[in-house]
Amino acid sequence: MRFRVSRLASVLVFGFFLDAQVAFADTDGVTVHCVPPVVVNLSACQDQHPLGIQDAVDHAEPGETVFVGVGTYPEQVVITRPLTLEGEATSLTSIKPLTVAANSSSLVSGAPIAAILLVDGTTGVAVSDLTIDGSIAAFNACSPGYVGIFYRASSGAIQSIHVTHIHHPLASGCQAVLGIFVQSGNGGPGLNSNVTILQSMIDDYGKNGITANEPGTFVTVSGNTVMGRGKTFSGDAAQNGVQIGFGARGLVSGNTISMHDYDPPDFVACGLLFFQAGGGLGRAKTNTFAMNEQNVCTAGVGPSPNSPFN
């Protein structure tokens, strides 16, 4: 049997990762930016950005906060500096673009990627309390890759997020279709990623729910619900709930991972796949599995008959 994997080739409390020794200088007297209508944190708002989330992000200086109000925001968002992005709740705040375009690329293969939320080349980015919805923007083609949240050579935390419908209904076999993707540049200077993913829901994705690839990548995946599309067949993707591969490392604990199954059995759909994971097979404990073809798959660190996507 072969596993089919995707390769686009300081920490546990939300907000933890801003190093205590780092001080960011505010130059304009505004540290809290709001995208109206903000309800929960209205009293903290120091300015308003009715043009959308990207406008607020562009005005935020390192270490500042962007609160996103109730509504559906039809845009792709790119973050390149440390900040906090917080919605009202997954049921109230949604980033749901009408269309997407390639805005990034794989650090390994150079393949183009269209990410709905891209965190690129920075540290200390915290994202919480909103939904990433790819249903309308699905373009039913395998290139560019399609990703809900992409931490590219970046670090931070994802908490209380719903990533859903990152899936091409008319091109279900595409491999580079991922709910959350964390990637490093093969451990190169300034290209590492360390991301904590907590208490989130990831469902209805094309290939993988959560993917962490390449040396220099470390993920902590805890308390999440990761749910595949159920049994898929030849021509569709052999799904994996969580993949840690190609030298990446991770701790996966306390998650519920379900509904990953593939037929015919030439490839194996995995609830949790460690594929050539750095430092051995990674760590997994106290996860709950249901309706997976195989709950935990462990492919070795050397040559193997498995067939990774590159």
# chains A, B, ... in the order shown; residues from 1 in each chain; ligands from 1
$ closest_atom_pairs --of "stretch 187-295 of chain A" --to "stretch 141-150 of chain A" --cutoff "12 Å" --atoms "only C-alpha atoms" --output "CSV"
residue,atom,partner,partner_atom,distance
A:Ser193,CA,A:Phe150,CA,10.8
A:Val195,CA,A:Phe150,CA,10.7
A:Ile197,CA,A:Ile149,CA,11.1
A:Ile202,CA,A:Gly148,CA,9.6
A:Asp203,CA,A:Gly148,CA,10.8
A:Asp204,CA,A:Gly148,CA,11.1
A:Tyr205,CA,A:Gly148,CA,9.0
A:Gly206,CA,A:Tyr146,CA,8.9
A:Lys207,CA,A:Tyr146,CA,10.1
A:Asn208,CA,A:Val147,CA,9.9
A:Gly209,CA,A:Gly148,CA,9.6
A:Ile210,CA,A:Ile149,CA,9.5
A:Thr211,CA,A:Phe150,CA,9.6
A:Ala212,CA,A:Phe150,CA,10.1
A:Asn213,CA,A:Phe150,CA,11.6
A:Ala237,CA,A:Cys142,CA,11.8
$ residues_around --residues "A:Ala153" --least-positions-apart "5" --cutoff "7 Å" --atoms "only C-alpha atoms" --output "list in words"
Asp120, Gly121, Gln183, Ser184, Gly185, Leu191, Asn192 and Ser193 of chain A
$ write_last_selection --atoms "C-alpha atoms" --output "mmCIF file, in the first residue's frame"
data_model
loop_
_atom_site.group_PDB
_atom_site.id
_atom_site.type_symbol
_atom_site.label_atom_id
_atom_site.label_comp_id
_atom_site.auth_asym_id
_atom_site.auth_seq_id
_atom_site.Cartn_x
_atom_site.Cartn_y
_atom_site.Cartn_z
ATOM 1 C CA ASP A 120 4.512 35.524 4.533
ATOM 2 C CA GLY A 121 8.029 35.894 5.902
ATOM 3 C CA GLN A 183 5.965 25.490 5.085
ATOM 4 C CA SER A 184 9.604 26.372 5.665
ATOM 5 C CA GLY A 185 12.349 26.944 3.113
ATOM 6 C CA LEU A 191 12.818 30.681 6.441
ATOM 7 C CA ASN A 192 11.607 28.580 9.373
ATOM 8 C CA SER A 193 7.994 28.250 10.530
#
$ residues_around --residues "stretch 245-250 of chain A" --least-positions-apart "2" --cutoff "8 Å" --atoms "only C-alpha atoms" --output "ChimeraX atom specification"
/A:211-221,243,252,273-279,282-283
$ write_last_selection --atoms "N, CA and C atoms" --output "mmCIF file, in the first residue's frame"
data_model
loop_
_atom_site.group_PDB
_atom_site.id
_atom_site.type_symbol
_atom_site.label_atom_id
_atom_site.label_comp_id
_atom_site.auth_asym_id
_atom_site.auth_seq_id
_atom_site.Cartn_x
_atom_site.Cartn_y
_atom_site.Cartn_z
ATOM 1 N N THR A 211 -1.435 20.712 6.773
ATOM 2 C CA THR A 211 -0.193 20.198 6.197
ATOM 3 C C THR A 211 0.982 21.004 6.730
ATOM 4 N N ALA A 212 2.008 20.307 7.230
ATOM 5 C CA ALA A 212 3.255 20.942 7.662
ATOM 6 C C ALA A 212 4.402 20.230 6.968
ATOM 7 N N ASN A 213 5.156 20.965 6.152
ATOM 8 C CA ASN A 213 6.210 20.361 5.347
ATOM 9 C C ASN A 213 7.542 21.074 5.509
ATOM 10 N N GLU A 214 8.599 20.322 5.310
ATOM 11 C CA GLU A 214 9.990 20.762 5.148
ATOM 12 C C GLU A 214 10.732 20.947 6.471
ATOM 13 N N PRO A 215 12.043 20.698 6.451
ATOM 14 C CA PRO A 215 12.885 20.970 7.618
ATOM 15 C C PRO A 215 12.761 22.432 8.046
ATOM 16 N N GLY A 216 12.787 22.648 9.344
ATOM 17 C CA GLY A 216 12.605 24.001 9.867
ATOM 18 C C GLY A 216 11.185 24.315 10.256
ATOM 19 N N THR A 217 10.260 23.402 9.945
ATOM 20 C CA THR A 217 8.850 23.582 10.301
ATOM 21 C C THR A 217 8.532 22.805 11.573
ATOM 22 N N PHE A 218 7.862 23.467 12.520
ATOM 23 C CA PHE A 218 7.326 22.794 13.699
ATOM 24 C C PHE A 218 5.903 23.280 13.915
ATOM 25 N N VAL A 219 4.977 22.345 14.110
ATOM 26 C CA VAL A 219 3.591 22.696 14.396
ATOM 27 C C VAL A 219 3.137 22.017 15.676
ATOM 28 N N THR A 220 2.323 22.730 16.435
ATOM 29 C CA THR A 220 1.585 22.163 17.557
ATOM 30 C C THR A 220 0.121 22.201 17.160
ATOM 31 N N VAL A 221 -0.484 21.031 17.052
ATOM 32 C CA VAL A 221 -1.865 20.904 16.577
ATOM 33 C C VAL A 221 -2.670 20.294 17.722
ATOM 34 N N GLN A 243 -1.077 16.126 7.972
ATOM 35 C CA GLN A 243 0.165 15.598 7.406
ATOM 36 C C GLN A 243 1.344 16.386 7.946
ATOM 37 N N VAL A 252 0.902 16.490 17.811
ATOM 38 C CA VAL A 252 -0.513 16.432 17.438
ATOM 39 C C VAL A 252 -1.253 15.763 18.586
ATOM 40 N N LEU A 273 -0.872 11.525 9.099
ATOM 41 C CA LEU A 273 0.224 10.984 8.316
ATOM 42 C C LEU A 273 1.538 11.658 8.692
ATOM 43 N N PHE A 274 2.489 10.865 9.191
ATOM 44 C CA PHE A 274 3.870 11.306 9.331
ATOM 45 C C PHE A 274 4.641 10.721 8.154
ATOM 46 N N PHE A 275 5.098 11.580 7.243
ATOM 47 C CA PHE A 275 5.790 11.105 6.042
ATOM 48 C C PHE A 275 7.200 11.693 6.025
ATOM 49 N N GLN A 276 8.203 10.827 6.257
ATOM 50 C CA GLN A 276 9.591 11.280 6.314
ATOM 51 C C GLN A 276 9.713 12.497 7.238
ATOM 52 N N ALA A 277 9.076 12.396 8.400
ATOM 53 C CA ALA A 277 9.042 13.515 9.344
ATOM 54 C C ALA A 277 10.385 13.651 10.043
ATOM 55 N N GLY A 278 10.805 14.889 10.272
ATOM 56 C CA GLY A 278 12.091 15.160 10.890
ATOM 57 C C GLY A 278 12.174 14.607 12.302
ATOM 58 N N GLY A 279 13.337 14.085 12.645
ATOM 59 C CA GLY A 279 13.544 13.580 13.996
ATOM 60 C C GLY A 279 12.747 12.330 14.299
ATOM 61 N N GLY A 282 7.531 11.975 14.591
ATOM 62 C CA GLY A 282 6.704 12.978 15.232
ATOM 63 C C GLY A 282 6.037 12.422 16.478
ATOM 64 N N ARG A 283 5.172 13.213 17.049
ATOM 65 C CA ARG A 283 4.519 12.818 18.287
ATOM 66 C C ARG A 283 3.017 12.995 18.165
#
$ residues_around --residues "A:Thr31" --least-positions-apart "6" --cutoff "12 Å" --atoms "only C-alpha atoms" --output "NGL selection string"
:A and (24-25 or 44-48 or 56-57 or 59-67 or 83-84)
$ write_last_selection --atoms "C-alpha atoms" --output "CSV table (one decimal), in the first residue's frame"
chain,number,residue,atom,x,y,z
A,24,PHE,CA,7.7,47.6,18.5
A,25,ALA,CA,7.6,51.4,18.0
A,44,ALA,CA,-10.9,49.5,21.9
A,45,CYS,CA,-11.1,50.8,18.3
A,46,GLN,CA,-8.8,53.7,17.5
A,47,ASP,CA,-9.6,54.0,13.8
A,48,GLN,CA,-11.9,52.5,11.2
A,56,ALA,CA,-6.6,47.7,8.0
A,57,VAL,CA,-3.7,45.2,7.8
A,59,HIS,CA,-2.1,50.4,8.1
A,60,ALA,CA,-1.1,48.3,11.1
A,61,GLU,CA,2.4,48.6,12.3
A,62,PRO,CA,4.3,45.6,13.8
A,63,GLY,CA,2.8,44.3,17.0
A,64,GLU,CA,-0.6,46.0,16.5
A,65,THR,CA,-4.1,44.6,16.4
A,66,VAL,CA,-6.8,44.4,13.7
A,67,PHE,CA,-10.3,43.7,14.9
A,83,LEU,CA,0.1,41.5,14.3
A,84,THR,CA,-3.1,40.1,15.7
$ select_by_dssp --residues "stretch 214-292 of chain A" --states "strand (DSSP E)" --output "MDAnalysis selection string"
chainID A and resid 217:222 225:233 240:245 249:253 256:263 267:268 270:275 283:285 288:292
$ closest_residue --among "A:Tyr73, A:Phe289, A:Phe139, A:Phe267" --to "A:Ala102" --atoms "only C-alpha atoms"
A:Phe139
$ closest_residue --among "A:Thr80, A:Asn292, A:Ser135, A:Asn224" --to "A:Gln54" --atoms "only C-alpha atoms"
A:Thr80
$ residues_around --residues "A:Asn41" --least-positions-apart "2" --cutoff "10 Å" --atoms "only C-alpha atoms" --output "list in words"
Val32, Cys34, Val38, Val39, Ser43, Ala44, Cys45, Phe67, Val68, Gly69, Glu86, Gly87 and Glu88 of chain A
$ residues_around --residues "A:Lys231" --least-positions-apart "4" --cutoff "7 Å" --atoms "only C-alpha atoms" --output "list in words"
His260, Asp261 and Tyr262 of chain A
$ write_last_selection --atoms "all heavy atoms" --output "tab-separated table (two decimals), in the first residue's frame"
chain	number	residue	atom	x	y	z
A	260	HIS	N	-11.64	10.04	6.47
A	260	HIS	CA	-10.63	9.99	5.42
A	260	HIS	C	-10.53	8.55	4.94
A	260	HIS	O	-10.07	7.68	5.69
A	260	HIS	CB	-9.28	10.49	5.94
A	260	HIS	CG	-9.35	11.86	6.55
A	260	HIS	ND1	-9.60	12.05	7.89
A	260	HIS	CD2	-9.24	13.08	5.98
A	260	HIS	CE1	-9.64	13.36	8.13
A	260	HIS	NE2	-9.42	14.00	7.00
A	261	ASP	N	-10.98	8.29	3.73
A	261	ASP	CA	-11.07	6.92	3.23
A	261	ASP	C	-10.95	6.97	1.71
A	261	ASP	O	-11.53	7.85	1.07
A	261	ASP	CB	-12.40	6.29	3.66
A	261	ASP	CG	-12.45	4.79	3.44
A	261	ASP	OD1	-11.44	4.22	2.99
A	261	ASP	OD2	-13.50	4.18	3.71
A	262	TYR	N	-10.17	6.04	1.14
A	262	TYR	CA	-9.93	6.06	-0.31
A	262	TYR	C	-10.06	4.66	-0.87
A	262	TYR	O	-9.64	3.67	-0.27
A	262	TYR	CB	-8.52	6.60	-0.60
A	262	TYR	CG	-8.23	6.75	-2.07
A	262	TYR	CD1	-8.76	7.80	-2.81
A	262	TYR	CD2	-7.40	5.83	-2.73
A	262	TYR	CE1	-8.50	7.93	-4.17
A	262	TYR	CE2	-7.13	5.94	-4.09
A	262	TYR	CZ	-7.68	7.00	-4.79
A	262	TYR	OH	-7.42	7.12	-6.15
$ residues_around --residues "stretch 93-97 of chain A" --least-positions-apart "4" --cutoff "8 Å" --atoms "only C-alpha atoms" --output "list in words"
Val68, Gly69, Val70, Gly71, Thr72, Tyr73, Pro74, Glu75, Gln76, Gly87, Glu88, Ala89, Ile116, Asp129, Leu130, Thr131, Ile132, Asp133, Gly134, Ser135, Ile136 and Ala137 of chain A
$ atom_distance --atom1 "atom CA of A:Ser172" --atom2 "atom CA of A:Thr288"
26.3 Å
